[in-house]
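Asker: Handing over model00.tsv, TSV, C-alpha atoms and all ligand atoms.
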chain	number	residue	atom	x	y	z
A	29	MET	CA	-51.92	92.39	-164.95
A	30	ASN	CA	-51.60	88.74	-165.89
A	31	VAL	CA	-48.50	86.71	-165.15
A	32	LEU	CA	-47.35	86.57	-168.75
A	33	LYS	CA	-47.54	90.35	-169.18
A	34	LEU	CA	-45.74	90.86	-165.89
A	35	LEU	CA	-43.04	88.41	-166.93
A	36	SER	CA	-42.46	90.06	-170.30
A	37	LEU	CA	-42.36	93.49	-168.66
A	38	THR	CA	-39.80	92.20	-166.15
A	39	ILE	CA	-37.68	90.75	-168.95
A	40	LEU	CA	-37.93	94.06	-170.81
A	41	ILE	CA	-36.76	96.03	-167.76
A	42	LEU	CA	-33.97	93.59	-166.92
A	43	SER	CA	-32.69	93.60	-170.48
A	44	MET	CA	-32.43	97.39	-170.62
A	45	PRO	CA	-28.84	98.60	-170.37
A	46	ILE	CA	-27.94	99.80	-166.87
A	47	SER	CA	-27.20	103.30	-168.13
A	48	ALA	CA	-30.74	103.65	-169.47
A	49	ARG	CA	-32.22	102.85	-166.08
A	50	SER	CA	-29.70	104.99	-164.19
A	51	SER	CA	-30.53	107.96	-166.34
A	52	ASN	CA	-33.94	108.07	-164.68
A	53	SER	CA	-32.18	109.58	-161.69
A	54	SER	CA	-32.91	113.28	-161.26
A	55	PHE	CA	-30.39	116.04	-160.71
A	56	THR	CA	-31.06	119.35	-158.99
A	57	PHE	CA	-28.26	121.92	-158.99
A	58	VAL	CA	-28.19	124.66	-156.35
A	59	ASN	CA	-25.65	127.48	-156.70
A	60	SER	CA	-24.07	129.37	-153.82
A	61	GLU	CA	-23.76	133.15	-153.55
A	62	ASN	CA	-20.15	132.96	-154.70
A	63	MET	CA	-20.20	130.33	-157.39
A	64	GLN	CA	-22.45	128.77	-159.99
A	65	PHE	CA	-22.33	125.40	-161.69
A	66	THR	CA	-21.40	125.81	-165.37
A	67	ASP	CA	-23.11	123.69	-168.02
A	68	ASP	CA	-19.87	121.74	-168.37
A	69	ASN	CA	-19.76	121.12	-164.60
A	70	LYS	CA	-23.32	119.77	-164.69
A	71	LYS	CA	-22.63	117.48	-167.62
A	72	GLU	CA	-19.49	116.12	-166.03
A	73	ILE	CA	-21.15	115.59	-162.64
A	74	LYS	CA	-24.04	113.65	-164.20
A	75	ALA	CA	-21.63	111.44	-166.13
A	76	ILE	CA	-19.55	110.70	-163.01
A	77	ILE	CA	-22.68	109.88	-160.98
A	78	LEU	CA	-24.05	107.45	-163.59
A	79	LYS	CA	-20.67	105.77	-163.93
A	80	THR	CA	-20.27	105.47	-160.15
A	81	ILE	CA	-23.73	103.90	-159.79
A	82	ASN	CA	-22.73	101.30	-162.37
A	83	ASN	CA	-19.45	100.69	-160.52
A	84	VAL	CA	-21.26	100.17	-157.21
A	85	GLU	CA	-23.76	97.76	-158.77
A	86	MET	CA	-20.92	95.77	-160.28
A	87	VAL	CA	-18.92	95.61	-157.03
A	88	LEU	CA	-21.95	94.60	-154.97
A	89	GLY	CA	-23.47	92.33	-157.58
A	90	GLN	CA	-26.83	93.91	-156.84
A	91	LYS	CA	-28.99	96.72	-158.16
A	92	LEU	CA	-29.45	99.94	-156.26
A	93	LYS	CA	-32.82	101.40	-155.47
A	94	GLN	CA	-33.49	103.50	-158.57
A	95	PRO	CA	-34.11	106.18	-159.60
A	96	ILE	CA	-32.15	108.30	-157.11
A	97	GLN	CA	-32.79	112.00	-156.61
A	98	PHE	CA	-29.46	113.81	-156.49
A	99	THR	CA	-29.19	117.33	-155.16
A	100	LEU	CA	-25.86	119.00	-155.94
A	101	ARG	CA	-25.08	122.11	-153.95
A	102	VAL	CA	-22.19	124.57	-154.04
A	103	ILE	CA	-21.26	125.65	-150.53
A	104	ASP	CA	-18.86	128.42	-149.55
A	105	ARG	CA	-17.33	126.47	-146.65
A	106	SER	CA	-13.84	125.02	-147.06
A	107	LEU	CA	-13.80	121.23	-147.40
A	108	ALA	CA	-10.05	120.94	-147.85
A	109	ASP	CA	-9.73	117.93	-145.50
A	110	VAL	CA	-12.17	115.90	-147.60
A	111	TYR	CA	-10.99	116.82	-151.11
A	112	GLY	CA	-13.63	119.53	-151.66
A	113	VAL	CA	-16.75	117.37	-151.45
A	114	THR	CA	-19.08	116.08	-148.75
A	115	GLY	CA	-22.52	114.49	-148.80
A	116	ARG	CA	-25.57	113.15	-147.05
A	117	ALA	CA	-27.82	110.16	-147.73
A	118	ASP	CA	-31.28	111.51	-146.93
A	119	LYS	CA	-33.20	108.41	-148.04
A	120	ILE	CA	-32.34	105.21	-149.87
A	121	ASP	CA	-33.24	107.07	-153.07
A	122	ALA	CA	-32.20	110.64	-152.19
A	123	ILE	CA	-28.62	111.90	-151.89
A	124	GLU	CA	-27.33	115.41	-151.39
A	125	ILE	CA	-23.78	116.29	-152.42
A	126	ALA	CA	-22.04	119.54	-151.42
A	127	LEU	CA	-19.08	120.85	-153.39
A	128	SER	CA	-16.88	123.61	-151.98
A	129	SER	CA	-16.42	126.87	-153.88
A	130	GLN	CA	-13.26	127.39	-151.79
A	131	TYR	CA	-11.45	124.25	-152.95
A	132	GLY	CA	-8.68	124.58	-155.55
A	133	ASN	CA	-9.04	127.01	-158.43
A	134	SER	CA	-12.56	126.19	-159.55
A	135	LEU	CA	-15.42	123.76	-158.99
A	136	GLU	CA	-13.71	121.50	-161.50
A	137	ASP	CA	-11.02	120.73	-158.90
A	138	ALA	CA	-13.57	119.56	-156.32
A	139	ILE	CA	-15.38	117.51	-158.98
A	140	GLN	CA	-12.13	115.85	-160.01
A	141	ASP	CA	-10.70	115.25	-156.52
A	142	GLY	CA	-13.67	114.55	-154.30
A	143	LEU	CA	-16.86	113.63	-156.14
A	144	ARG	CA	-16.33	109.91	-156.82
A	145	GLY	CA	-15.22	109.09	-153.29
A	146	THR	CA	-18.18	110.89	-151.74
A	147	LEU	CA	-20.58	109.16	-154.15
A	148	PHE	CA	-19.25	105.71	-153.23
A	149	HIS	CA	-19.57	106.67	-149.56
A	150	GLU	CA	-23.17	107.93	-149.81
A	151	LEU	CA	-24.31	105.09	-152.09
A	152	HIS	CA	-22.93	102.67	-149.50
A	153	HIS	CA	-25.19	104.30	-146.88
A	154	THR	CA	-28.26	103.79	-149.08
A	155	ILE	CA	-27.45	100.08	-149.42
A	156	ARG	CA	-26.80	99.57	-145.70
A	157	GLY	CA	-29.90	101.57	-144.72
A	158	TRP	CA	-27.92	104.23	-142.82
A	159	THR	CA	-29.96	107.21	-143.97
A	160	ILE	CA	-31.39	110.33	-142.33
A	161	HIS	CA	-34.99	109.28	-143.02
A	162	GLY	CA	-35.99	105.63	-142.66
A	163	ASN	CA	-32.78	104.83	-140.77
A	164	GLN	CA	-32.43	101.11	-139.95
A	165	PHE	CA	-30.12	101.50	-136.93
A	166	PRO	CA	-30.43	102.48	-133.26
A	167	GLN	CA	-29.01	105.71	-131.84
A	168	GLY	CA	-25.39	105.80	-130.67
A	169	ILE	CA	-21.97	107.12	-131.69
A	170	ASP	CA	-20.72	103.51	-131.52
A	171	VAL	CA	-23.20	102.64	-134.31
A	172	ALA	CA	-22.44	105.76	-136.37
A	173	THR	CA	-18.72	105.05	-136.08
A	174	ILE	CA	-19.03	101.62	-137.70
A	175	ASN	CA	-21.50	102.67	-140.41
A	176	GLU	CA	-19.39	105.68	-141.39
A	177	GLY	CA	-16.24	103.57	-141.23
A	178	LEU	CA	-17.76	100.98	-143.58
A	179	ALA	CA	-18.76	103.68	-146.08
A	180	ASP	CA	-15.33	105.34	-145.94
A	181	VAL	CA	-13.39	102.11	-146.36
A	182	PHE	CA	-15.72	100.96	-149.15
A	183	ALA	CA	-15.10	104.27	-150.95
A	184	GLU	CA	-11.38	104.22	-150.21
A	185	ILE	CA	-10.99	100.78	-151.81
A	186	GLN	CA	-12.89	101.88	-154.94
A	187	ILE	CA	-10.94	105.11	-155.47
A	188	ASN	CA	-7.64	103.81	-154.11
A	189	ARG	CA	-7.13	106.80	-151.80
A	190	GLU	CA	-8.04	107.63	-148.21
A	191	MET	CA	-11.23	109.64	-147.81
A	192	ASN	CA	-9.75	112.43	-145.72
A	193	LYS	CA	-6.42	114.15	-145.15
A	194	MET	CA	-6.61	113.97	-141.36
A	195	ALA	CA	-3.79	112.47	-139.27
A	196	LYS	CA	-3.69	108.68	-139.01
A	197	ASP	CA	-1.00	108.56	-136.31
A	198	VAL	CA	-3.38	108.92	-133.40
A	199	ASN	CA	-4.19	106.40	-130.68
A	200	PHE	CA	-7.25	104.81	-132.30
A	201	ASP	CA	-7.37	102.08	-129.66
A	202	GLU	CA	-7.93	104.79	-127.05
A	203	TRP	CA	-10.49	106.55	-129.28
A	204	THR	CA	-12.36	103.26	-129.76
A	205	ASN	CA	-12.64	102.70	-126.01
A	206	GLU	CA	-13.81	106.29	-125.62
A	207	VAL	CA	-16.51	105.81	-128.27
A	208	LEU	CA	-17.64	102.54	-126.68
A	209	GLN	CA	-18.05	104.22	-123.25
A	210	LEU	CA	-20.27	107.04	-124.56
A	211	PRO	CA	-23.93	107.20	-123.56
A	212	LYS	CA	-26.29	106.39	-126.45
A	213	ASN	CA	-27.46	110.03	-126.55
A	214	ALA	CA	-23.95	111.53	-126.77
A	215	ASN	CA	-23.78	114.63	-128.95
A	216	TYR	CA	-23.57	113.61	-132.61
A	217	GLY	CA	-21.86	116.80	-133.78
A	218	ASP	CA	-19.15	116.59	-131.12
A	219	TRP	CA	-18.12	113.06	-132.03
A	220	MET	CA	-18.78	112.98	-135.78
A	221	GLY	CA	-17.88	116.63	-136.48
A	222	LEU	CA	-15.70	119.00	-134.45
A	223	HIS	CA	-15.18	117.92	-130.84
A	224	PRO	CA	-14.94	120.71	-128.22
A	225	ASP	CA	-11.39	119.47	-127.48
A	226	GLY	CA	-10.36	120.24	-131.08
A	227	ARG	CA	-10.41	116.74	-132.58
A	228	MET	CA	-12.12	116.39	-135.96
A	229	ALA	CA	-14.35	113.52	-137.12
A	230	VAL	CA	-13.49	111.13	-134.28
A	231	GLY	CA	-16.24	108.69	-135.30
A	232	TYR	CA	-15.31	108.59	-139.00
A	233	ARG	CA	-11.60	108.13	-138.37
A	234	THR	CA	-12.05	105.55	-135.63
A	235	GLY	CA	-14.60	103.74	-137.79
A	236	ALA	CA	-12.23	103.44	-140.74
A	237	TYR	CA	-9.55	102.11	-138.36
A	238	LEU	CA	-11.94	99.50	-136.92
A	239	VAL	CA	-13.26	98.34	-140.29
A	240	LYS	CA	-9.73	97.90	-141.63
A	241	LEU	CA	-8.84	95.95	-138.50
A	242	ALA	CA	-11.92	93.76	-138.94
A	243	ILE	CA	-10.93	93.08	-142.57
A	244	LYS	CA	-7.38	92.21	-141.52
A	245	ASN	CA	-8.45	89.94	-138.65
A	246	SER	CA	-11.25	88.14	-140.49
A	247	GLY	CA	-10.01	87.97	-144.06
A	248	LYS	CA	-13.48	89.09	-145.14
A	249	GLY	CA	-13.86	91.71	-147.87
A	250	ILE	CA	-15.56	95.06	-147.44
A	251	VAL	CA	-18.71	93.90	-149.28
A	252	GLU	CA	-19.17	90.91	-146.98
A	253	LEU	CA	-18.43	93.04	-143.93
A	254	SER	CA	-21.04	95.58	-145.05
A	255	SER	CA	-23.85	93.10	-144.42
A	256	LEU	CA	-22.74	92.30	-140.85
A	257	SER	CA	-24.13	93.85	-137.67
A	258	VAL	CA	-22.35	96.68	-135.87
A	259	GLY	CA	-21.67	94.39	-132.89
A	260	LYS	CA	-20.13	91.72	-135.12
A	261	ILE	CA	-17.76	94.24	-136.71
A	262	TYR	CA	-16.58	95.43	-133.29
A	263	GLN	CA	-16.03	91.79	-132.40
A	264	LEU	CA	-13.99	91.10	-135.56
A	265	ALA	CA	-11.89	94.17	-134.78
A	266	GLY	CA	-11.22	92.81	-131.29
A	267	TYR	CA	-13.60	95.00	-129.26
A	268	LYS	CA	-16.94	94.52	-127.57
A	269	GLN	CA	-19.90	96.86	-127.80
A	270	LYS	CA	-20.77	97.87	-124.25
A	271	PHE	CA	-24.56	98.21	-124.42
B	301	ZN	ZN	-21.51	109.12	-144.21
What does the file become when written as C-alpha cells?

Answerer:
Amino acid sequence: MNVLKLLSLTILILSMPISARSSNSSFTFVNSENMQFTDDNKKEIKAIILKTINNVEMVLGQKLKQPIQFTLRVIDRSLADVYGVTGRADKIDAIEIALSSQYGNSLEDAIQDGLRGTLFHELHHTIRGWTIHGNQFPQGIDVATINEGLADVFAEIQINREMNKMAKDVNFDEWTNEVLQLPKNANYGDWMGLHPDGRMAVGYRTGAYLVKLAIKNSGKGIVELSSLSVGKIYQLAGYKQKF
C-alpha cells in the first residue's frame, strides 16, 4: 500500500465517529440455569458498554484497543457486596462480565447498580496491561493489590460510588504491612478472595486505600498515577515494597 493510500485510510478511520468503531466490539451472552438475558437486557448492556468505552477514552485522552470481545454471563452466585456484577480482563481485547441472578429482583437491578463500575474497572486493567493472558507484571500479592486498587479507584471516581460494600474501618496500615511481607508465591485466592481467617478481598481493599493515599500525598490524579510503577505508588503512599 502506498503512503498516500495509507494516509487517506488513516484519515478515514480517525474521522469515523467513536461509536461506529466501538460497535465492532462483539458480545456473547451466556445464560445460567436459573436466569436468561432478555432481549431488553442485551440491548441495554450493549448500550452501557459502548457508552462506558467512550467515557474511558475521553477520561484517558487515548483510544482503547478495539474491537473488544465481551462475554456476558449470568451466574447464580450472590454478588451482593459488589452491586451484583464482577468481571475479568482476559486479554487487552477480551473482557468477561458476570452478573448475579441472585441480586435484587431481576437482572435489571444488577445491570443498573453494578455494570458501569465493573466495566470501568476491567477497562482500566486492559489499559494498564494487568490481564490474565499477556500480563505485563511480575507475580506477587503486593503487585495485585496496587493494580486492583488503581482499577477500583479509577472506577469509583467515574461512577462516584465505592466499588464494594465491605467495611472501610479496618486497620489498612496493618494490612499493607502484611501484604508487603508476603512471599511472591502467596496464595492469590486467599489474599484477593476469601482469606481462611474470614477477611474478604484484602488485596482489593488495601489497594484502594493505598491508591487514595498516594493521590492525597502526591496531588496526582488517578490517570497520571495509573501510568506509574507499583513500587512508585507504594512510595507515594508512604510505604516501601520489600522485594
Ligand atoms: Zn480487577

Asker: Have a look at A:Ser54, A:Gln186, A:Asn205, A:Asn83 and name the one nearest to Ala122 of chain A; count all atoms listed in the file.

Answerer: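 Of A:Ser54, A:Gln186, A:Asn205, A:Asn83, the one nearest Ala122 of chain A is A:Ser54, counting all atoms listed in the file.
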
Asker: Could you check which of A:Ala117, A:Ile261, A:Val171, A:Ile155 is closest to ligand ZN 301 (chain B), using all atoms listed in the file?

Answerer: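 Ranked by minimum distance to ligand ZN 301 (chain B), first place goes to A:Ala117.
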
Asker: Please extract the residues at most 8 Å from ligand ZN 301 (chain B), counting all atoms listed in the file, and provide them as an MDAnalysis selection string, using the chain letters and residue numbers of this document.

Answerer: chainID A and resid 115:117 149:150 153 175:176 179:180

Asker: Please compute the atom CA of Ala229 of chain A-atom CA of Asn192 of chain A distance, one decimal, in Å.

Answerer: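 If I compute the distance from atom CA of Ala229 of chain A to atom CA of Asn192 of chain A, I get 9.8 Å.
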
Asker: Do a neighbour search on Tyr232 of chain A at 12 Å with all atoms listed in the file, toss out local chain neighbours closer than 6 positions, and write the hits as JSON, numbers by chain.

Answerer: {"A": [110, 149, 169, 170, 171, 172, 173, 174, 175, 176, 177, 178, 179, 180, 181, 190, 191, 192, 194, 196, 200, 203, 204, 207, 216, 217, 218, 219, 220, 221, 222, 238, 239]}

Asker: Suppose you want the space between atom CA of Gln140 of chain A and atom CA of Asp104 of chain A; what is it in Å?

Answerer: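 It comes out at 17.7 Å.
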
Asker: Where atoms are absent from segment 237-267 of chain A, fill them in so it carries N, CA and C atoms, then output it as an mmCIF file, in the coordinates of the input.

Answerer:
data_model
loop_
_atom_site.group_PDB
_atom_site.id
_atom_site.type_symbol
_atom_site.label_atom_id
_atom_site.label_comp_id
_atom_site.auth_asym_id
_atom_site.auth_seq_id
_atom_site.Cartn_x
_atom_site.Cartn_y
_atom_site.Cartn_z
ATOM 1 N N TYR A 237 -10.569 102.931 -139.042
ATOM 2 C CA TYR A 237 -9.550 102.110 -138.360
ATOM 3 C C TYR A 237 -10.137 100.743 -137.989
ATOM 4 N N LEU A 238 -11.334 100.744 -137.386
ATOM 5 C CA LEU A 238 -11.940 99.500 -136.920
ATOM 6 C C LEU A 238 -12.319 98.576 -138.075
ATOM 7 N N VAL A 239 -12.853 99.156 -139.139
ATOM 8 C CA VAL A 239 -13.260 98.340 -140.290
ATOM 9 C C VAL A 239 -12.034 97.709 -140.948
ATOM 10 N N LYS A 240 -10.956 98.463 -141.058
ATOM 11 C CA LYS A 240 -9.730 97.900 -141.630
ATOM 12 C C LYS A 240 -9.169 96.782 -140.750
ATOM 13 N N LEU A 241 -9.278 96.980 -139.452
ATOM 14 C CA LEU A 241 -8.840 95.950 -138.500
ATOM 15 C C LEU A 241 -9.696 94.699 -138.641
ATOM 16 N N ALA A 242 -10.996 94.894 -138.786
ATOM 17 C CA ALA A 242 -11.920 93.760 -138.940
ATOM 18 C C ALA A 242 -11.615 92.991 -140.231
ATOM 19 N N ILE A 243 -11.285 93.720 -141.294
ATOM 20 C CA ILE A 243 -10.930 93.080 -142.570
ATOM 21 C C ILE A 243 -9.651 92.252 -142.381
ATOM 22 N N LYS A 244 -8.678 92.864 -141.729
ATOM 23 C CA LYS A 244 -7.380 92.210 -141.520
ATOM 24 C C LYS A 244 -7.539 90.949 -140.665
ATOM 25 N N ASN A 245 -8.293 91.072 -139.577
ATOM 26 C CA ASN A 245 -8.450 89.940 -138.650
ATOM 27 C C ASN A 245 -9.285 88.798 -139.218
ATOM 28 N N SER A 246 -10.283 89.155 -140.052
ATOM 29 C CA SER A 246 -11.250 88.140 -140.490
ATOM 30 C C SER A 246 -10.967 87.603 -141.884
ATOM 31 N N GLY A 247 -10.212 88.353 -142.661
ATOM 32 C CA GLY A 247 -10.010 87.970 -144.060
ATOM 33 C C GLY A 247 -11.225 88.202 -144.925
ATOM 34 N N LYS A 248 -12.266 88.791 -144.347
ATOM 35 C CA LYS A 248 -13.480 89.090 -145.140
ATOM 36 C C LYS A 248 -13.267 90.371 -145.923
ATOM 37 N N GLY A 249 -13.940 90.489 -147.066
ATOM 38 C CA GLY A 249 -13.860 91.710 -147.870
ATOM 39 C C GLY A 249 -14.836 92.750 -147.366
ATOM 40 N N ILE A 250 -14.701 93.956 -147.895
ATOM 41 C CA ILE A 250 -15.560 95.060 -147.440
ATOM 42 C C ILE A 250 -17.032 94.811 -147.792
ATOM 43 N N VAL A 251 -17.307 94.148 -148.902
ATOM 44 C CA VAL A 251 -18.710 93.900 -149.280
ATOM 45 C C VAL A 251 -19.356 92.941 -148.283
ATOM 46 N N GLU A 252 -18.633 91.870 -147.947
ATOM 47 C CA GLU A 252 -19.170 90.910 -146.980
ATOM 48 C C GLU A 252 -19.349 91.570 -145.613
ATOM 49 N N LEU A 253 -18.375 92.354 -145.227
ATOM 50 C CA LEU A 253 -18.430 93.040 -143.930
ATOM 51 C C LEU A 253 -19.634 93.993 -143.860
ATOM 52 N N SER A 254 -19.967 94.570 -145.001
ATOM 53 C CA SER A 254 -21.040 95.580 -145.050
ATOM 54 C C SER A 254 -22.413 95.008 -144.736
ATOM 55 N N SER A 255 -22.544 93.681 -144.743
ATOM 56 C CA SER A 255 -23.850 93.100 -144.420
ATOM 57 C C SER A 255 -23.885 92.591 -142.974
ATOM 58 N N LEU A 256 -22.792 92.772 -142.236
ATOM 59 C CA LEU A 256 -22.740 92.300 -140.850
ATOM 60 C C LEU A 256 -23.246 93.368 -139.873
ATOM 61 N N SER A 257 -23.631 92.914 -138.679
ATOM 62 C CA SER A 257 -24.130 93.850 -137.670
ATOM 63 C C SER A 257 -22.975 94.683 -137.108
ATOM 64 N N VAL A 258 -23.345 95.800 -136.493
ATOM 65 C CA VAL A 258 -22.350 96.680 -135.870
ATOM 66 C C VAL A 258 -21.576 95.898 -134.796
ATOM 67 N N GLY A 259 -22.296 95.152 -133.967
ATOM 68 C CA GLY A 259 -21.670 94.390 -132.890
ATOM 69 C C GLY A 259 -20.655 93.379 -133.411
ATOM 70 N N LYS A 260 -21.013 92.729 -134.518
ATOM 71 C CA LYS A 260 -20.130 91.720 -135.120
ATOM 72 C C LYS A 260 -18.842 92.379 -135.635
ATOM 73 N N ILE A 261 -18.950 93.564 -136.183
ATOM 74 C CA ILE A 261 -17.760 94.240 -136.710
ATOM 75 C C ILE A 261 -16.828 94.669 -135.568
ATOM 76 N N TYR A 262 -17.410 95.157 -134.470
ATOM 77 C CA TYR A 262 -16.580 95.430 -133.290
ATOM 78 C C TYR A 262 -15.854 94.159 -132.851
ATOM 79 N N GLN A 263 -16.597 93.060 -132.839
ATOM 80 C CA GLN A 263 -16.030 91.790 -132.400
ATOM 81 C C GLN A 263 -14.866 91.358 -133.302
ATOM 82 N N LEU A 264 -15.056 91.475 -134.621
ATOM 83 C CA LEU A 264 -13.990 91.100 -135.560
ATOM 84 C C LEU A 264 -12.765 91.994 -135.395
ATOM 85 N N ALA A 265 -13.021 93.247 -134.980
ATOM 86 C CA ALA A 265 -11.890 94.170 -134.780
ATOM 87 C C ALA A 265 -11.220 93.952 -133.418
ATOM 88 N N GLY A 266 -11.833 93.103 -132.581
ATOM 89 C CA GLY A 266 -11.220 92.810 -131.290
ATOM 90 C C GLY A 266 -11.781 93.624 -130.131
ATOM 91 N N TYR A 267 -12.971 94.196 -130.314
ATOM 92 C CA TYR A 267 -13.600 95.000 -129.260
ATOM 93 C C TYR A 267 -14.997 94.446 -128.974
#
